[in-house]
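Working notes, structure below.
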Amino acid sequence: MNYRCETDLAAIKSYLQNAAVVAFDFETSPLLQYRDDPRAALDAHRACIVGISLSTGEGSAIYVPLEHLGGGNADRAQVIPFLQDALWMNPAVVKVAHNLAFESMFLYAMGIVLQPPCYDTIAAAQMTLKSTFEFRALSDSGLKKLVPELLGDELPTFEDVTDGRFFDEFAADDPETVRYACADSDYTLRLYRRFNEWFDAYLPRHRWIVENIESPTAVYCGLMKYNGLLMDETAMIRKQGECADRLLELRERIRTLIGDVDIGANAGTQAFKDYLFKTLGLPVLKTTAKNAEAADDQTMVMLAEWCAEHRPELVPLFELVQEYRRWSKLKTTYIDGYLRFINPATGRIHPDLLPLATETGRFAARNPNMQNCPRKTNDPVGIRAFILAPEGQVLVSCDFSQIELRVGAFYCRDPKMLETYRSGGDIHAATTSVIFGIPYDQAVDKDAPDYKERRTIAKNVNFGVFYGLFARGLQRTLRFKAGLDKSLPECEAIIANLKAGYPNLARWQEQARQAAMRRQYTQTFLGRRRYLPGIRSQDWGKRSFAERCALNTPIQGTAADILKLSLGRLITGLLDRPWLRPILQIHDELVFELPEGRLTEAVAFIQESMDARLFPEWDVPLVAEASWGYDFGHLNEME
């Protein structure tokens, strides 16, 4: 291997000269005050870049030491500005990294927003197949795992090389130091070429998605990870105590009804189930996948309804159990859980955003999972209000309005749906008009008879029928989510009326099912593929699930692609707006932190980035609705 340590700026410039593609990798170590936590090396608030490896060709790389305790370092004040202009912000160079979000986070800590074109080989790995019908998961995509599998070489792990020491404790010019650091960028570049060969041969659209969607998204994730969410820790601790008191009260009230049965932290113990189904002799209305008695929230609702007719004296028990579970989840998942992840250096939570953790391409999150942060309509504690804007700053949320329904209208090409969106109409009112056979003017009239109930049904139908919801599923959805009790024939009539009113919807659904059956996969409009081998299964459950995926993946996946495309536009615009700080993504919503005086300017830029026409075929208006406030739980809608 042609690996060497390089501290001379002229030599670094010479190495990168005329390179169109450069792979780079950072070695990091914790700052002195955080040495007792080895994971601090992964935190840009508690660690520094010790050195940078750069590779422009197979078997070739240089290592540029910056913060080694021994062996000599390059002049950081010269190297970083040079690399900023010549590499990280240079539109003529493809920047390649394995886990681009990590490198982007450390660059952002220095005030640098990495610009496209860029390429994340960990994203590329997850967009390639590891078997006939299965894409690689994140756990299958580590550099040390991919290199032996795809390139036939072995790379030592960080632990093998460091043996418990930090990277800055090694001499910068030690051959082992140089070899380990350079191999990371060298083999990242080899994977870049290997993946592109595979994409070009088997899935060309996935290469386009990696280059134009997933890699800029990885950069954006690094920015969000670095910025994090400022938390009101004092309020959290106060609410923690209030929740504990409330749970004790509820548990005591339940005890007066059932005695000393152990209900545990969530009223889901075997002892409690035995009490329900054996002691009380209640019917088993639902079972688990292992054919045991279910005791989830839906079961509690079903049992409460059964008891209302047959055992009315037991209804208060189920009301208390549901309330107990609600408060237990608020405390354990959101207050206790969030408190564990507050960074001691920042007072903020810095969740991991995972843009390829779902099969549709939608985001997931962990450490903690901010994707399930409850909305205030189902949250007496006010969890979202724990997320604060710093003094002099505000939070801004921009949320795509009905993006999945807009994508559905784009796919099925139904004239009535398209006209509703193009004219700025109300799709839920249009659907109310269709399924109940009333004039549109009456459907939007809030004073009209049955307005609220009809609109609730229309909303649930809109969000369900696109994905192949059947009458029984609609009945269950209306009962458990909306509190409406409709008979099966009524639900069948609602769905039939919808399909008659939007005839292109049923036609598109059947075409999507047939295409998936023929190809054994479905895909988004931009070509993100999801394999569905179960669609030809003789097992009704497997086949039914695959058929639903054939309908929801094109819609949910295309909506995810649209959101991610907007992130690439935002990254470019952040160069001129360093005061605009992305902090969170939840479903179809982007959240930012910014100076209060920049509010109007920021919202105009964000909405322009999100509402822009995405690709030539897209012809449905997008609307990003903005709101702002001093905490995430109290946002004011903007015109």
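Chains: A, B, ... in order of the structure tokens. Residues: from 1 per chain. Ligands: from 1, in order shown.
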Using only C-alpha atoms, which protein or nucleic acid residues come within 6 Å of A:Ala74? Drop anything in the same chain fewer than 3 positions from it, and give the result as a PyMOL selection string. chain A and resi 7+65-66
Using only C-alpha atoms, which protein or nucleic acid residues come within 9 Å of A:Thr572? Drop anything in the same chain fewer than 5 positions from it, and give the result as an NGL selection string. :A and (113-116 or 567)
Convert the current residue selection to file output with N, CA and C atoms, as a PDB file, in the first residue's frame.
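result_10.pdb, written as the output of this step:
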```pdb
ATOM      1  N   VAL A 113     -20.415  23.311   6.462  1.00  0.00           N
ATOM      2  CA  VAL A 113     -21.515  22.476   5.978  1.00  0.00           C
ATOM      3  C   VAL A 113     -21.054  21.821   4.674  1.00  0.00           C
ATOM      4  N   LEU A 114     -20.792  20.521   4.728  1.00  0.00           N
ATOM      5  CA  LEU A 114     -20.308  19.806   3.548  1.00  0.00           C
ATOM      6  C   LEU A 114     -21.336  19.913   2.425  1.00  0.00           C
ATOM      7  N   GLN A 115     -20.856  20.187   1.224  1.00  0.00           N
ATOM      8  CA  GLN A 115     -21.737  20.420   0.086  1.00  0.00           C
ATOM      9  C   GLN A 115     -21.689  19.271  -0.924  1.00  0.00           C
ATOM     10  N   PRO A 116     -22.812  19.010  -1.590  1.00  0.00           N
ATOM     11  CA  PRO A 116     -22.805  18.039  -2.680  1.00  0.00           C
ATOM     12  C   PRO A 116     -21.866  18.506  -3.786  1.00  0.00           C
ATOM     13  N   LEU A 567     -34.097  18.253   1.763  1.00  0.00           N
ATOM     14  CA  LEU A 567     -32.947  18.406   2.654  1.00  0.00           C
ATOM     15  C   LEU A 567     -31.698  18.805   1.878  1.00  0.00           C
TER      16      LEU A 567
END
```
Å distance separating atom CA of A:Leu505 from atom CA of A:Gly424, one decimal place: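 So the two atoms, atom CA of A:Leu505 and atom CA of A:Gly424, lie 20.2 Å apart.
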With DSSP run on the backbone, what are the alpha helix (DSSP H) residues within stretch 46-125 of chain A? I'd like them as a VMD selection string. chain A and resid 76 to 83 100 to 109 121 to 125
Closest contacts (stretch 214-290 of chain A/stretch 25-48 of chain A, max 12 Å, only C-alpha atoms) as a Markdown table:
```
| residue | atom | partner | partner_atom | distance |
| --- | --- | --- | --- | --- |
| A:Gly222 | CA | A:Ala44 | CA | 10.0 |
| A:Leu223 | CA | A:Ala44 | CA | 10.7 |
| A:Lys225 | CA | A:Asp43 | CA | 9.3 |
| A:Tyr226 | CA | A:Ala44 | CA | 6.9 |
| A:Asn227 | CA | A:His45 | CA | 9.6 |
| A:Gly228 | CA | A:His45 | CA | 10.7 |
```
Selection near A:Ala365, 8 Å with only C-alpha atoms, sequence-local residues under 5 positions removed, as a PDB file with N, CA and C atoms, in the first residue's frame:
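Heads up, here's the output in result.pdb:
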```pdb
ATOM      1  N   PRO A 351     -30.377  12.937  19.398  1.00  0.00           N
ATOM      2  CA  PRO A 351     -30.799  11.614  18.923  1.00  0.00           C
ATOM      3  C   PRO A 351     -30.104  11.210  17.630  1.00  0.00           C
ATOM      4  N   ASP A 352     -30.041   9.905  17.413  1.00  0.00           N
ATOM      5  CA  ASP A 352     -29.551   9.370  16.144  1.00  0.00           C
ATOM      6  C   ASP A 352     -30.719   9.315  15.177  1.00  0.00           C
ATOM      7  N   LEU A 353     -30.614  10.023  14.074  1.00  0.00           N
ATOM      8  CA  LEU A 353     -31.626   9.957  13.016  1.00  0.00           C
ATOM      9  C   LEU A 353     -31.171   8.928  11.994  1.00  0.00           C
ATOM     10  N   LEU A 354     -32.047   7.973  11.679  1.00  0.00           N
ATOM     11  CA  LEU A 354     -31.696   6.850  10.807  1.00  0.00           C
ATOM     12  C   LEU A 354     -32.539   6.920   9.537  1.00  0.00           C
ATOM     13  N   MET A 370     -37.195  10.039  18.958  1.00  0.00           N
ATOM     14  CA  MET A 370     -37.994  11.271  18.936  1.00  0.00           C
ATOM     15  C   MET A 370     -39.117  11.203  17.903  1.00  0.00           C
ATOM     16  N   GLN A 371     -39.148  10.152  17.064  1.00  0.00           N
ATOM     17  CA  GLN A 371     -40.206  10.042  16.068  1.00  0.00           C
ATOM     18  C   GLN A 371     -41.571   9.808  16.711  1.00  0.00           C
TER      19      GLN A 371
END
```
Give me, as a list in words, all polymer residues having an atom no more than 10 Å from A:Trp508, counting only C-alpha atoms and skipping those fewer than 3 positions away in the same chain.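 After dropping sequence-adjacent residues, the list is Gly408, Tyr411, Cys412, Arg413, Asp414, Phe466, Pro503, Asn504, Leu505, Gln511, Ala512, Arg513, Gln514 and Leu551 of chain A.
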Would you put the residues from that selection into a file with N, CA and C atoms, as a compact mmCIF listing (two decimals), in the first residue's frame?
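The new file out_15.txt reads:
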```
# COMPACT_ATOMS: atom_id res chain seq x y z
N GLY A 408 -50.66 10.20 -3.29
CA GLY A 408 -51.68 9.27 -3.78
C GLY A 408 -52.44 9.84 -4.95
N TYR A 411 -50.32 9.61 -8.03
CA TYR A 411 -50.26 8.26 -8.59
C TYR A 411 -51.54 7.87 -9.32
N CYS A 412 -52.69 8.06 -8.66
CA CYS A 412 -53.91 7.51 -9.25
C CYS A 412 -54.50 8.41 -10.33
N ARG A 413 -54.05 9.68 -10.39
CA ARG A 413 -54.46 10.61 -11.45
C ARG A 413 -55.97 10.82 -11.47
N ASP A 414 -56.59 10.78 -10.30
CA ASP A 414 -58.03 11.00 -10.26
C ASP A 414 -58.31 12.50 -10.46
N PHE A 466 -56.39 4.39 0.68
CA PHE A 466 -55.26 4.40 -0.25
C PHE A 466 -54.37 3.18 -0.04
N PRO A 503 -62.97 7.06 -9.08
CA PRO A 503 -62.82 5.79 -9.81
C PRO A 503 -61.37 5.44 -10.15
N ASN A 504 -60.52 6.43 -10.33
CA ASN A 504 -59.13 6.12 -10.68
C ASN A 504 -58.36 5.50 -9.52
N LEU A 505 -58.85 5.69 -8.30
CA LEU A 505 -58.16 5.13 -7.13
C LEU A 505 -58.14 3.61 -7.19
N GLN A 511 -53.77 -1.99 -10.47
CA GLN A 511 -52.56 -1.99 -11.30
C GLN A 511 -51.31 -2.17 -10.44
N ALA A 512 -51.28 -1.51 -9.27
CA ALA A 512 -50.12 -1.63 -8.38
C ALA A 512 -49.99 -3.05 -7.84
N ARG A 513 -51.12 -3.66 -7.48
CA ARG A 513 -51.08 -5.05 -7.00
C ARG A 513 -50.58 -5.98 -8.10
N GLN A 514 -51.11 -5.82 -9.29
CA GLN A 514 -50.73 -6.71 -10.38
C GLN A 514 -49.26 -6.55 -10.75
N LEU A 551 -49.23 -1.22 -2.04
CA LEU A 551 -49.96 0.04 -2.14
C LEU A 551 -49.32 1.14 -1.30
```
Might you pull out every residue within 12 Å of A:Glu149, with only C-alpha atoms counted and same-chain residues fewer than 6 positions away left off, and present them as a PyMOL selection string? chain A and resi 125+130+140-143+155+191+194
Could you tell me how far atom CA of A:Lys499 sits from atom CA of A:Tyr451, in Å to one decimal place?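 These atoms are spaced 21.2 Å apart.
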Residues near stretch 555-558 of chain A, cut-off 10 Å, only C-alpha atoms, skip fewer than 3 positions along chain, as a count of residues only: 32
